[in-house]
Each structure stands twice: as C-alpha cells, then as structure tokens.
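Listing of entry13.cif, mmCIF, N, CA and C atoms
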data_data
loop_
_atom_site.group_PDB
_atom_site.id
_atom_site.type_symbol
_atom_site.label_atom_id
_atom_site.label_comp_id
_atom_site.auth_asym_id
_atom_site.auth_seq_id
_atom_site.Cartn_x
_atom_site.Cartn_y
_atom_site.Cartn_z
ATOM 1 N N MET A 1 -22.074 22.281 42.144
ATOM 2 C CA MET A 1 -21.459 22.116 40.854
ATOM 3 C C MET A 1 -19.943 22.102 41.020
ATOM 4 N N GLN A 2 -19.301 21.090 40.437
ATOM 5 C CA GLN A 2 -17.851 20.991 40.573
ATOM 6 C C GLN A 2 -17.171 21.663 39.388
ATOM 7 N N PRO A 3 -16.077 22.336 39.648
ATOM 8 C CA PRO A 3 -15.353 22.953 38.537
ATOM 9 C C PRO A 3 -14.743 21.872 37.651
ATOM 10 N N HIS A 4 -14.603 22.214 36.376
ATOM 11 C CA HIS A 4 -13.990 21.266 35.433
ATOM 12 C C HIS A 4 -12.523 21.113 35.772
ATOM 13 N N SER A 5 -12.087 19.884 35.865
ATOM 14 C CA SER A 5 -10.666 19.663 36.137
ATOM 15 C C SER A 5 -9.921 19.576 34.814
ATOM 16 N N LYS A 6 -8.724 20.082 34.835
ATOM 17 C CA LYS A 6 -7.893 20.042 33.644
ATOM 18 C C LYS A 6 -7.305 18.643 33.499
ATOM 19 N N PRO A 7 -7.187 18.172 32.259
ATOM 20 C CA PRO A 7 -6.554 16.860 32.081
ATOM 21 C C PRO A 7 -5.098 16.916 32.524
ATOM 22 N N VAL A 8 -4.673 15.834 33.119
ATOM 23 C CA VAL A 8 -3.303 15.740 33.590
ATOM 24 C C VAL A 8 -2.424 15.268 32.445
ATOM 25 N N PRO A 9 -1.402 16.039 32.089
ATOM 26 C CA PRO A 9 -0.523 15.595 30.998
ATOM 27 C C PRO A 9 0.277 14.372 31.429
ATOM 28 N N PRO A 10 0.654 13.544 30.464
ATOM 29 C CA PRO A 10 1.434 12.350 30.820
ATOM 30 C C PRO A 10 2.814 12.750 31.335
ATOM 31 N N THR A 11 3.358 11.891 32.160
ATOM 32 C CA THR A 11 4.734 12.112 32.610
ATOM 33 C C THR A 11 5.667 11.854 31.424
ATOM 34 N N PHE A 12 6.902 12.248 31.573
ATOM 35 C CA PHE A 12 7.880 12.034 30.511
ATOM 36 C C PHE A 12 8.027 10.543 30.221
ATOM 37 N N GLU A 13 8.045 9.734 31.268
ATOM 38 C CA GLU A 13 8.192 8.284 31.090
ATOM 39 C C GLU A 13 6.993 7.701 30.338
ATOM 40 N N GLU A 14 5.775 8.167 30.684
ATOM 41 C CA GLU A 14 4.577 7.704 29.986
ATOM 42 C C GLU A 14 4.605 8.134 28.518
ATOM 43 N N PHE A 15 5.029 9.372 28.296
ATOM 44 C CA PHE A 15 5.122 9.877 26.921
ATOM 45 C C PHE A 15 6.097 9.035 26.105
ATOM 46 N N MET A 16 7.259 8.761 26.666
ATOM 47 C CA MET A 16 8.267 7.977 25.944
ATOM 48 C C MET A 16 7.797 6.537 25.733
ATOM 49 N N SER A 17 7.099 5.973 26.703
ATOM 50 C CA SER A 17 6.564 4.620 26.554
ATOM 51 C C SER A 17 5.528 4.576 25.426
ATOM 52 N N ASN A 18 4.649 5.566 25.387
ATOM 53 C CA ASN A 18 3.651 5.645 24.319
ATOM 54 C C ASN A 18 4.313 5.817 22.958
ATOM 55 N N ALA A 19 5.346 6.652 22.906
ATOM 56 C CA ALA A 19 6.064 6.869 21.647
ATOM 57 C C ALA A 19 6.726 5.577 21.185
ATOM 58 N N GLN A 20 7.300 4.823 22.110
ATOM 59 C CA GLN A 20 7.952 3.558 21.760
ATOM 60 C C GLN A 20 6.928 2.547 21.254
ATOM 61 N N GLN A 21 5.761 2.496 21.903
ATOM 62 C CA GLN A 21 4.705 1.587 21.453
ATOM 63 C C GLN A 21 4.249 1.950 20.036
ATOM 64 N N MET A 22 4.107 3.238 19.778
ATOM 65 C CA MET A 22 3.683 3.680 18.450
ATOM 66 C C MET A 22 4.740 3.322 17.405
ATOM 67 N N GLN A 23 6.013 3.530 17.749
ATOM 68 C CA GLN A 23 7.090 3.181 16.817
ATOM 69 C C GLN A 23 7.101 1.683 16.541
ATOM 70 N N ASP A 24 6.901 0.876 17.565
ATOM 71 C CA ASP A 24 6.863 -0.582 17.390
ATOM 72 C C ASP A 24 5.701 -0.992 16.484
ATOM 73 N N GLN A 25 4.533 -0.376 16.684
ATOM 74 C CA GLN A 25 3.377 -0.676 15.847
ATOM 75 C C GLN A 25 3.649 -0.309 14.388
ATOM 76 N N MET A 26 4.279 0.844 14.167
ATOM 77 C CA MET A 26 4.591 1.272 12.805
ATOM 78 C C MET A 26 5.591 0.319 12.152
ATOM 79 N N MET A 27 6.606 -0.081 12.883
ATOM 80 C CA MET A 27 7.608 -0.993 12.328
ATOM 81 C C MET A 27 6.986 -2.344 11.996
ATOM 82 N N ASN A 28 6.096 -2.833 12.861
ATOM 83 C CA ASN A 28 5.417 -4.107 12.596
ATOM 84 C C ASN A 28 4.531 -3.998 11.362
ATOM 85 N N ALA A 29 3.810 -2.895 11.253
ATOM 86 C CA ALA A 29 2.939 -2.697 10.091
ATOM 87 C C ALA A 29 3.766 -2.613 8.808
ATOM 88 N N GLN A 30 4.890 -1.914 8.854
ATOM 89 C CA GLN A 30 5.751 -1.819 7.671
ATOM 90 C C GLN A 30 6.305 -3.186 7.292
ATOM 91 N N ALA A 31 6.672 -3.986 8.276
ATOM 92 C CA ALA A 31 7.179 -5.330 7.990
ATOM 93 C C ALA A 31 6.085 -6.183 7.344
ATOM 94 N N GLU A 32 4.853 -6.063 7.834
ATOM 95 C CA GLU A 32 3.740 -6.801 7.237
ATOM 96 C C GLU A 32 3.506 -6.353 5.790
ATOM 97 N N LEU A 33 3.582 -5.048 5.552
ATOM 98 C CA LEU A 33 3.373 -4.533 4.203
ATOM 99 C C LEU A 33 4.482 -4.985 3.254
ATOM 100 N N ALA A 34 5.699 -5.070 3.768
ATOM 101 C CA ALA A 34 6.818 -5.508 2.925
ATOM 102 C C ALA A 34 6.640 -6.962 2.485
ATOM 103 N N LYS A 35 5.982 -7.775 3.327
ATOM 104 C CA LYS A 35 5.758 -9.183 3.007
ATOM 105 C C LYS A 35 4.501 -9.402 2.166
ATOM 106 N N ALA A 36 3.558 -8.487 2.286
ATOM 107 C CA ALA A 36 2.275 -8.638 1.591
ATOM 108 C C ALA A 36 2.460 -8.445 0.089
ATOM 109 N N VAL A 37 1.682 -9.170 -0.686
ATOM 110 C CA VAL A 37 1.690 -9.023 -2.140
ATOM 111 C C VAL A 37 0.301 -8.569 -2.581
ATOM 112 N N VAL A 38 0.286 -7.475 -3.339
ATOM 113 C CA VAL A 38 -0.956 -6.985 -3.917
ATOM 114 C C VAL A 38 -0.854 -7.134 -5.428
ATOM 115 N N THR A 39 -1.997 -7.174 -6.076
ATOM 116 C CA THR A 39 -2.008 -7.262 -7.532
ATOM 117 C C THR A 39 -2.837 -6.129 -8.097
ATOM 118 N N GLY A 40 -2.557 -5.845 -9.341
ATOM 119 C CA GLY A 40 -3.359 -4.912 -10.107
ATOM 120 C C GLY A 40 -3.607 -5.528 -11.463
ATOM 121 N N ARG A 41 -4.805 -5.376 -11.960
ATOM 122 C CA ARG A 41 -5.184 -6.012 -13.217
ATOM 123 C C ARG A 41 -5.708 -4.951 -14.165
ATOM 124 N N SER A 42 -5.344 -5.076 -15.434
ATOM 125 C CA SER A 42 -5.881 -4.169 -16.447
ATOM 126 C C SER A 42 -7.368 -4.448 -16.601
ATOM 127 N N GLN A 43 -8.097 -3.476 -17.129
ATOM 128 C CA GLN A 43 -9.538 -3.648 -17.281
ATOM 129 C C GLN A 43 -9.895 -4.833 -18.165
ATOM 130 N N ASP A 44 -9.083 -5.091 -19.188
ATOM 131 C CA ASP A 44 -9.378 -6.215 -20.075
ATOM 132 C C ASP A 44 -8.804 -7.540 -19.556
ATOM 133 N N GLY A 45 -8.079 -7.490 -18.428
ATOM 134 C CA GLY A 45 -7.556 -8.703 -17.803
ATOM 135 C C GLY A 45 -6.317 -9.281 -18.468
ATOM 136 N N THR A 46 -5.731 -8.566 -19.415
ATOM 137 C CA THR A 46 -4.578 -9.121 -20.132
ATOM 138 C C THR A 46 -3.258 -8.910 -19.399
ATOM 139 N N VAL A 47 -3.215 -7.965 -18.454
ATOM 140 C CA VAL A 47 -1.970 -7.675 -17.733
ATOM 141 C C VAL A 47 -2.250 -7.686 -16.235
ATOM 142 N N VAL A 48 -1.365 -8.368 -15.500
ATOM 143 C CA VAL A 48 -1.437 -8.392 -14.042
ATOM 144 C C VAL A 48 -0.081 -7.966 -13.508
ATOM 145 N N VAL A 49 -0.097 -7.027 -12.557
ATOM 146 C CA VAL A 49 1.119 -6.532 -11.919
ATOM 147 C C VAL A 49 1.097 -6.973 -10.462
ATOM 148 N N MET A 50 2.237 -7.470 -9.970
ATOM 149 C CA MET A 50 2.371 -7.851 -8.568
ATOM 150 C C MET A 50 3.351 -6.886 -7.902
ATOM 151 N N ALA A 51 2.985 -6.439 -6.675
ATOM 152 C CA ALA A 51 3.829 -5.519 -5.920
ATOM 153 C C ALA A 51 3.661 -5.811 -4.436
ATOM 154 N N THR A 52 4.584 -5.297 -3.630
ATOM 155 C CA THR A 52 4.432 -5.427 -2.175
ATOM 156 C C THR A 52 3.447 -4.375 -1.693
ATOM 157 N N GLY A 53 3.037 -4.515 -0.451
ATOM 158 C CA GLY A 53 2.178 -3.524 0.162
ATOM 159 C C GLY A 53 2.852 -2.177 0.326
ATOM 160 N N LEU A 54 4.186 -2.147 0.182
ATOM 161 C CA LEU A 54 4.923 -0.886 0.234
ATOM 162 C C LEU A 54 5.153 -0.304 -1.157
ATOM 163 N N GLY A 55 4.683 -1.009 -2.185
ATOM 164 C CA GLY A 55 4.770 -0.480 -3.536
ATOM 165 C C GLY A 55 5.970 -0.928 -4.349
ATOM 166 N N LYS A 56 6.726 -1.903 -3.862
ATOM 167 C CA LYS A 56 7.864 -2.408 -4.635
ATOM 168 C C LYS A 56 7.347 -3.385 -5.689
ATOM 169 N N LEU A 57 7.603 -3.065 -6.938
ATOM 170 C CA LEU A 57 7.127 -3.874 -8.052
ATOM 171 C C LEU A 57 7.852 -5.215 -8.077
ATOM 172 N N HIS A 58 7.076 -6.306 -8.161
ATOM 173 C CA HIS A 58 7.661 -7.652 -8.178
ATOM 174 C C HIS A 58 7.594 -8.322 -9.535
ATOM 175 N N GLY A 59 6.560 -8.062 -10.282
ATOM 176 C CA GLY A 59 6.463 -8.740 -11.560
ATOM 177 C C GLY A 59 5.271 -8.285 -12.364
ATOM 178 N N VAL A 60 5.330 -8.658 -13.644
ATOM 179 C CA VAL A 60 4.252 -8.348 -14.583
ATOM 180 C C VAL A 60 3.956 -9.613 -15.368
ATOM 181 N N ARG A 61 2.675 -9.966 -15.447
ATOM 182 C CA ARG A 61 2.255 -11.101 -16.279
ATOM 183 C C ARG A 61 1.405 -10.551 -17.417
ATOM 184 N N VAL A 62 1.730 -11.011 -18.615
ATOM 185 C CA VAL A 62 0.988 -10.584 -19.800
ATOM 186 C C VAL A 62 0.387 -11.819 -20.457
ATOM 187 N N ASP A 63 -0.907 -11.771 -20.715
ATOM 188 C CA ASP A 63 -1.594 -12.872 -21.387
ATOM 189 C C ASP A 63 -1.012 -13.021 -22.796
ATOM 190 N N PRO A 64 -0.582 -14.218 -23.185
ATOM 191 C CA PRO A 64 0.029 -14.424 -24.500
ATOM 192 C C PRO A 64 -0.848 -14.000 -25.680
ATOM 193 N N LYS A 65 -2.160 -13.963 -25.506
ATOM 194 C CA LYS A 65 -3.018 -13.559 -26.622
ATOM 195 C C LYS A 65 -2.740 -12.109 -27.053
ATOM 196 N N VAL A 66 -2.158 -11.320 -26.153
ATOM 197 C CA VAL A 66 -1.824 -9.925 -26.480
ATOM 198 C C VAL A 66 -0.826 -9.884 -27.639
ATOM 199 N N TYR A 67 0.110 -10.822 -27.655
ATOM 200 C CA TYR A 67 1.133 -10.828 -28.695
ATOM 201 C C TYR A 67 0.541 -11.169 -30.058
ATOM 202 N N GLU A 68 -0.494 -11.975 -30.047
ATOM 203 C CA GLU A 68 -1.136 -12.329 -31.305
ATOM 204 C C GLU A 68 -1.866 -11.127 -31.911
ATOM 205 N N GLN A 69 -2.366 -10.250 -31.057
ATOM 206 C CA GLN A 69 -3.107 -9.080 -31.531
ATOM 207 C C GLN A 69 -2.192 -7.990 -32.093
ATOM 208 N N ARG A 70 -0.956 -7.960 -31.631
ATOM 209 C CA ARG A 70 0.041 -6.986 -32.095
ATOM 210 C C ARG A 70 -0.469 -5.545 -32.010
ATOM 211 N N ASP A 71 -1.161 -5.246 -30.933
ATOM 212 C CA ASP A 71 -1.689 -3.903 -30.721
ATOM 213 C C ASP A 71 -0.888 -3.252 -29.591
ATOM 214 N N VAL A 72 0.157 -2.536 -29.980
ATOM 215 C CA VAL A 72 1.079 -1.945 -29.007
ATOM 216 C C VAL A 72 0.363 -0.958 -28.095
ATOM 217 N N SER A 73 -0.480 -0.136 -28.648
ATOM 218 C CA SER A 73 -1.187 0.870 -27.856
ATOM 219 C C SER A 73 -2.057 0.233 -26.770
ATOM 220 N N SER A 74 -2.770 -0.825 -27.125
ATOM 221 C CA SER A 74 -3.611 -1.510 -26.136
ATOM 222 C C SER A 74 -2.770 -2.140 -25.035
ATOM 223 N N LEU A 75 -1.630 -2.718 -25.410
ATOM 224 C CA LEU A 75 -0.739 -3.309 -24.413
ATOM 225 C C LEU A 75 -0.201 -2.244 -23.474
ATOM 226 N N GLN A 76 0.217 -1.113 -24.026
ATOM 227 C CA GLN A 76 0.736 -0.027 -23.193
ATOM 228 C C GLN A 76 -0.335 0.452 -22.211
ATOM 229 N N ASN A 77 -1.547 0.611 -22.693
ATOM 230 C CA ASN A 77 -2.642 1.044 -21.819
ATOM 231 C C ASN A 77 -2.936 0.007 -20.739
ATOM 232 N N ALA A 78 -2.921 -1.266 -21.120
ATOM 233 C CA ALA A 78 -3.192 -2.333 -20.160
ATOM 234 C C ALA A 78 -2.125 -2.369 -19.068
ATOM 235 N N ILE A 79 -0.868 -2.178 -19.438
ATOM 236 C CA ILE A 79 0.219 -2.156 -18.444
ATOM 237 C C ILE A 79 0.023 -0.982 -17.493
ATOM 238 N N ALA A 80 -0.264 0.180 -18.032
ATOM 239 C CA ALA A 80 -0.476 1.366 -17.192
ATOM 240 C C ALA A 80 -1.665 1.160 -16.250
ATOM 241 N N GLU A 81 -2.750 0.589 -16.742
ATOM 242 C CA GLU A 81 -3.930 0.322 -15.902
ATOM 243 C C GLU A 81 -3.575 -0.625 -14.766
ATOM 244 N N ALA A 82 -2.836 -1.676 -15.077
ATOM 245 C CA ALA A 82 -2.473 -2.666 -14.064
ATOM 246 C C ALA A 82 -1.555 -2.056 -13.008
ATOM 247 N N ILE A 83 -0.626 -1.216 -13.440
ATOM 248 C CA ILE A 83 0.275 -0.560 -12.483
ATOM 249 C C ILE A 83 -0.519 0.369 -11.566
ATOM 250 N N ARG A 84 -1.418 1.151 -12.152
ATOM 251 C CA ARG A 84 -2.243 2.047 -11.325
ATOM 252 C C ARG A 84 -3.100 1.252 -10.337
ATOM 253 N N ALA A 85 -3.658 0.136 -10.780
ATOM 254 C CA ALA A 85 -4.491 -0.691 -9.902
ATOM 255 C C ALA A 85 -3.662 -1.286 -8.767
ATOM 256 N N ALA A 86 -2.451 -1.754 -9.074
ATOM 257 C CA ALA A 86 -1.582 -2.305 -8.025
ATOM 258 C C ALA A 86 -1.210 -1.218 -7.026
ATOM 259 N N GLY A 87 -0.905 -0.023 -7.518
ATOM 260 C CA GLY A 87 -0.582 1.088 -6.623
ATOM 261 C C GLY A 87 -1.759 1.440 -5.722
ATOM 262 N N ALA A 88 -2.955 1.456 -6.287
ATOM 263 C CA ALA A 88 -4.149 1.747 -5.494
ATOM 264 C C ALA A 88 -4.375 0.662 -4.439
ATOM 265 N N ASN A 89 -4.177 -0.597 -4.825
ATOM 266 C CA ASN A 89 -4.365 -1.698 -3.879
ATOM 267 C C ASN A 89 -3.315 -1.656 -2.766
ATOM 268 N N ALA A 90 -2.078 -1.310 -3.111
ATOM 269 C CA ALA A 90 -1.032 -1.170 -2.091
ATOM 270 C C ALA A 90 -1.378 -0.018 -1.153
ATOM 271 N N GLY A 91 -1.865 1.083 -1.706
ATOM 272 C CA GLY A 91 -2.260 2.218 -0.875
ATOM 273 C C GLY A 91 -3.403 1.876 0.054
ATOM 274 N N ASN A 92 -4.380 1.120 -0.432
ATOM 275 C CA ASN A 92 -5.506 0.706 0.409
ATOM 276 C C ASN A 92 -5.042 -0.185 1.558
ATOM 277 N N LEU A 93 -4.152 -1.123 1.251
ATOM 278 C CA LEU A 93 -3.634 -2.005 2.285
ATOM 279 C C LEU A 93 -2.828 -1.218 3.310
ATOM 280 N N ALA A 94 -1.987 -0.306 2.837
ATOM 281 C CA ALA A 94 -1.184 0.516 3.747
ATOM 282 C C ALA A 94 -2.082 1.385 4.623
ATOM 283 N N SER A 95 -3.153 1.916 4.062
ATOM 284 C CA SER A 95 -4.081 2.734 4.851
ATOM 285 C C SER A 95 -4.735 1.915 5.954
ATOM 286 N N GLN A 96 -5.023 0.649 5.657
ATOM 287 C CA GLN A 96 -5.601 -0.225 6.681
ATOM 288 C C GLN A 96 -4.626 -0.446 7.827
ATOM 289 N N LYS A 97 -3.336 -0.551 7.486
ATOM 290 C CA LYS A 97 -2.323 -0.857 8.497
ATOM 291 C C LYS A 97 -1.784 0.396 9.194
ATOM 292 N N LEU A 98 -1.646 1.500 8.443
ATOM 293 C CA LEU A 98 -0.940 2.673 8.958
ATOM 294 C C LEU A 98 -1.781 3.932 9.055
ATOM 295 N N GLY A 99 -2.973 3.923 8.503
ATOM 296 C CA GLY A 99 -3.737 5.163 8.386
ATOM 297 C C GLY A 99 -3.499 5.741 7.003
ATOM 298 N N ASP A 100 -3.885 6.976 6.792
ATOM 299 C CA ASP A 100 -3.763 7.587 5.471
ATOM 300 C C ASP A 100 -2.297 7.753 5.066
ATOM 301 N N VAL A 101 -1.935 7.102 3.947
ATOM 302 C CA VAL A 101 -0.581 7.209 3.406
ATOM 303 C C VAL A 101 -0.691 7.185 1.881
ATOM 304 N N GLU A 102 0.391 7.562 1.234
ATOM 305 C CA GLU A 102 0.452 7.494 -0.231
ATOM 306 C C GLU A 102 1.538 6.508 -0.607
ATOM 307 N N ILE A 103 1.208 5.578 -1.512
ATOM 308 C CA ILE A 103 2.160 4.557 -1.965
ATOM 309 C C ILE A 103 2.441 4.790 -3.438
ATOM 310 N N ASN A 104 3.718 4.826 -3.782
ATOM 311 C CA ASN A 104 4.144 4.926 -5.180
ATOM 312 C C ASN A 104 4.902 3.663 -5.531
ATOM 313 N N LEU A 105 4.577 3.085 -6.694
ATOM 314 C CA LEU A 105 5.301 1.893 -7.131
ATOM 315 C C LEU A 105 6.708 2.283 -7.543
ATOM 316 N N HIS A 106 7.656 1.412 -7.216
ATOM 317 C CA HIS A 106 9.057 1.649 -7.589
ATOM 318 C C HIS A 106 9.752 0.337 -7.881
#
Using structure tokens, write down the structure that the file contains.
Amino acid sequence: MQPHSKPVPPTFEEFMSNAQQMQDQMMNAQAELAKAVVTGRSQDGTVVVMATGLGKLHGVRVDPKVYEQRDVSSLQNAIAEAIRAAGANAGNLASQKLGDVEINLH
C-alpha cells in the first residue's frame, strides 16, 4: 500500500499565469455582456425594456394602445414588470458568462 501523496502547490509563476488567464476570461465576458442586449416584457406585453447584459438601460418601448386606455396605474405596473424582467434576463446572461452574480439596472 502506497502512502497518499500530498498535492503539489503551483509555483508562483503558475499561480500568476492562472490568475492572468482568469482575469482575461473575466474581462472578455464583461465585454461580451456590455455588447449584449437583453429585453424584458411586461406580462400584458405593452411595455418592453432593453438593457445590456451588464444592466445598463437602453430604452423603453410602450405600445400606443396604452395611451388610449389612460390607465396610469396599469402603465406603471407594466413598466416595473418589464424592468424587473430585463434585470432578471441580464442576471441570467451574466451568470452564464461569469457564474453567480447580481445585476442591477442603471
């Protein structure tokens, strides 16, 4: 029976090389997220929010029929739903690229 050998720790150069590779991967993923566009839609489909994968808000589209209804409360709720959906979609995309992260729209 052979004794268990202890794992050999990486050399300083190997450690720094691994750290640099990880930093490069993170920077590439962040660049991809900055270019990516995610959307969020209200449940009734009247509002669509566009944001980057990093959570930067790009725009809001509102279906013109909302103005005919003149229901401020419904519009406010639809906007909030769309923003939450876009934030969730940005978070899901970021998790795919970076692992578990939290994205806030700004």
Selection dump of the PyMOL selection byres (((chain A and resi 18-30 and name CA) around 9) and name CA), as a count of residues only: 15
Atom C of Ala88 of chain A and atom CA of Gln43 of chain A are how many Å apart?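 Atom-to-atom, atom C of Ala88 of chain A and atom CA of Gln43 of chain A are spaced 14.5 Å apart.
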For the atom pair atom C of Val66 of chain A and atom C of Asn89 of chain A, what is the interatomic distance in Å to one decimal place? 26.3 Å
Adding 4 Å on each side of the box along x, y and z that holds all listed atoms of segment 66-78 of chain A, could you give its centre and edge lengths in Å to one decimal, as AutoDock Vina command-line options?
--center_x -1.2 --center_y -5.6 --center_z -25.6 --size_x 12.7 --size_y 21.4 --size_z 21.0
Run the PyMOL selection byres ((chain A and resi 37) around 6) on the file and write out the hits as a PDB file with N, CA and C atoms, in the frame of the given file.
ATOM      1  N   LYS A  35       5.982  -7.775   3.327  1.00  0.00           N
ATOM      2  CA  LYS A  35       5.758  -9.183   3.007  1.00  0.00           C
ATOM      3  C   LYS A  35       4.501  -9.402   2.166  1.00  0.00           C
ATOM      4  N   ALA A  36       3.558  -8.487   2.286  1.00  0.00           N
ATOM      5  CA  ALA A  36       2.275  -8.638   1.591  1.00  0.00           C
ATOM      6  C   ALA A  36       2.460  -8.445   0.089  1.00  0.00           C
ATOM      7  N   VAL A  38       0.286  -7.475  -3.339  1.00  0.00           N
ATOM      8  CA  VAL A  38      -0.956  -6.985  -3.917  1.00  0.00           C
ATOM      9  C   VAL A  38      -0.854  -7.134  -5.428  1.00  0.00           C
ATOM     10  N   THR A  39      -1.997  -7.174  -6.076  1.00  0.00           N
ATOM     11  CA  THR A  39      -2.008  -7.262  -7.532  1.00  0.00           C
ATOM     12  C   THR A  39      -2.837  -6.129  -8.097  1.00  0.00           C
ATOM     13  N   ALA A  51       2.985  -6.439  -6.675  1.00  0.00           N
ATOM     14  CA  ALA A  51       3.829  -5.519  -5.920  1.00  0.00           C
ATOM     15  C   ALA A  51       3.661  -5.811  -4.436  1.00  0.00           C
ATOM     16  N   THR A  52       4.584  -5.297  -3.630  1.00  0.00           N
ATOM     17  CA  THR A  52       4.432  -5.427  -2.175  1.00  0.00           C
ATOM     18  C   THR A  52       3.447  -4.375  -1.693  1.00  0.00           C
ATOM     19  N   GLY A  53       3.037  -4.515  -0.451  1.00  0.00           N
ATOM     20  CA  GLY A  53       2.178  -3.524   0.162  1.00  0.00           C
ATOM     21  C   GLY A  53       2.852  -2.177   0.326  1.00  0.00           C
TER      22      GLY A  53
END
If DSSP is run on the backbone, what residues of chain A are strand (DSSP E or B)? A reply as number ranges by chain would be ideal. A: 37-41, 47-52, 57-62
For the atom pair atom N of Ala82 of chain A and atom CA of Gly45 of chain A, what is the interatomic distance in Å to one decimal place?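 We find that atom N of Ala82 of chain A and atom CA of Gly45 of chain A lie 8.9 Å from each other.
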Given the PyMOL selection byres ((chain A and resi 63) around 8), the residues it picks as a PyMOL selection string: chain A and resi 45-48+60-62+64-68
As a PyMOL selection string, please: every residue in chain A that a backbone DSSP assignment puts in helix (DSSP H, G or I). chain A and resi 12-35+65-69+72-98
Step by step: locate segment 58-72 of chain A in the block above, keep N, CA and C atoms, then write the file as a PDB file, in the first residue's frame.
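part_35.pdb was written with the following content:
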ATOM      1  N   HIS A  58     -31.154  50.736 -21.905  1.00  0.00           N
ATOM      2  CA  HIS A  58     -31.005  51.356 -23.227  1.00  0.00           C
ATOM      3  C   HIS A  58     -32.276  52.005 -23.736  1.00  0.00           C
ATOM      4  N   GLY A  59     -33.406  51.444 -23.414  1.00  0.00           N
ATOM      5  CA  GLY A  59     -34.623  52.029 -23.942  1.00  0.00           C
ATOM      6  C   GLY A  59     -35.862  51.343 -23.423  1.00  0.00           C
ATOM      7  N   VAL A  60     -36.978  52.041 -23.644  1.00  0.00           N
ATOM      8  CA  VAL A  60     -38.291  51.532 -23.252  1.00  0.00           C
ATOM      9  C   VAL A  60     -39.232  51.749 -24.423  1.00  0.00           C
ATOM     10  N   ARG A  61     -39.958  50.697 -24.793  1.00  0.00           N
ATOM     11  CA  ARG A  61     -40.988  50.818 -25.833  1.00  0.00           C
ATOM     12  C   ARG A  61     -42.341  50.585 -25.174  1.00  0.00           C
ATOM     13  N   VAL A  62     -43.264  51.483 -25.484  1.00  0.00           N
ATOM     14  CA  VAL A  62     -44.616  51.376 -24.940  1.00  0.00           C
ATOM     15  C   VAL A  62     -45.592  51.263 -26.104  1.00  0.00           C
ATOM     16  N   ASP A  63     -46.443  50.256 -26.055  1.00  0.00           N
ATOM     17  CA  ASP A  63     -47.461  50.065 -27.085  1.00  0.00           C
ATOM     18  C   ASP A  63     -48.412  51.265 -27.057  1.00  0.00           C
ATOM     19  N   PRO A  64     -48.649  51.919 -28.191  1.00  0.00           N
ATOM     20  CA  PRO A  64     -49.510  53.103 -28.230  1.00  0.00           C
ATOM     21  C   PRO A  64     -50.924  52.876 -27.691  1.00  0.00           C
ATOM     22  N   LYS A  65     -51.411  51.645 -27.704  1.00  0.00           N
ATOM     23  CA  LYS A  65     -52.762  51.405 -27.192  1.00  0.00           C
ATOM     24  C   LYS A  65     -52.870  51.746 -25.697  1.00  0.00           C
ATOM     25  N   VAL A  66     -51.732  51.758 -25.005  1.00  0.00           N
ATOM     26  CA  VAL A  66     -51.727  52.101 -23.573  1.00  0.00           C
ATOM     27  C   VAL A  66     -52.241  53.529 -23.376  1.00  0.00           C
ATOM     28  N   TYR A  67     -51.882  54.424 -24.286  1.00  0.00           N
ATOM     29  CA  TYR A  67     -52.285  55.820 -24.148  1.00  0.00           C
ATOM     30  C   TYR A  67     -53.789  55.988 -24.342  1.00  0.00           C
ATOM     31  N   GLU A  68     -54.358  55.141 -25.166  1.00  0.00           N
ATOM     32  CA  GLU A  68     -55.795  55.216 -25.386  1.00  0.00           C
ATOM     33  C   GLU A  68     -56.569  54.781 -24.139  1.00  0.00           C
ATOM     34  N   GLN A  69     -55.993  53.866 -23.378  1.00  0.00           N
ATOM     35  CA  GLN A  69     -56.660  53.360 -22.178  1.00  0.00           C
ATOM     36  C   GLN A  69     -56.603  54.347 -21.010  1.00  0.00           C
ATOM     37  N   ARG A  70     -55.595  55.199 -21.006  1.00  0.00           N
ATOM     38  CA  ARG A  70     -55.423  56.218 -19.963  1.00  0.00           C
ATOM     39  C   ARG A  70     -55.467  55.623 -18.553  1.00  0.00           C
ATOM     40  N   ASP A  71     -54.844  54.476 -18.397  1.00  0.00           N
ATOM     41  CA  ASP A  71     -54.797  53.811 -17.100  1.00  0.00           C
ATOM     42  C   ASP A  71     -53.366  53.914 -16.566  1.00  0.00           C
ATOM     43  N   VAL A  72     -53.129  54.959 -15.787  1.00  0.00           N
ATOM     44  CA  VAL A  72     -51.781  55.248 -15.292  1.00  0.00           C
ATOM     45  C   VAL A  72     -51.250  54.109 -14.433  1.00  0.00           C
TER      46      VAL A  72
END
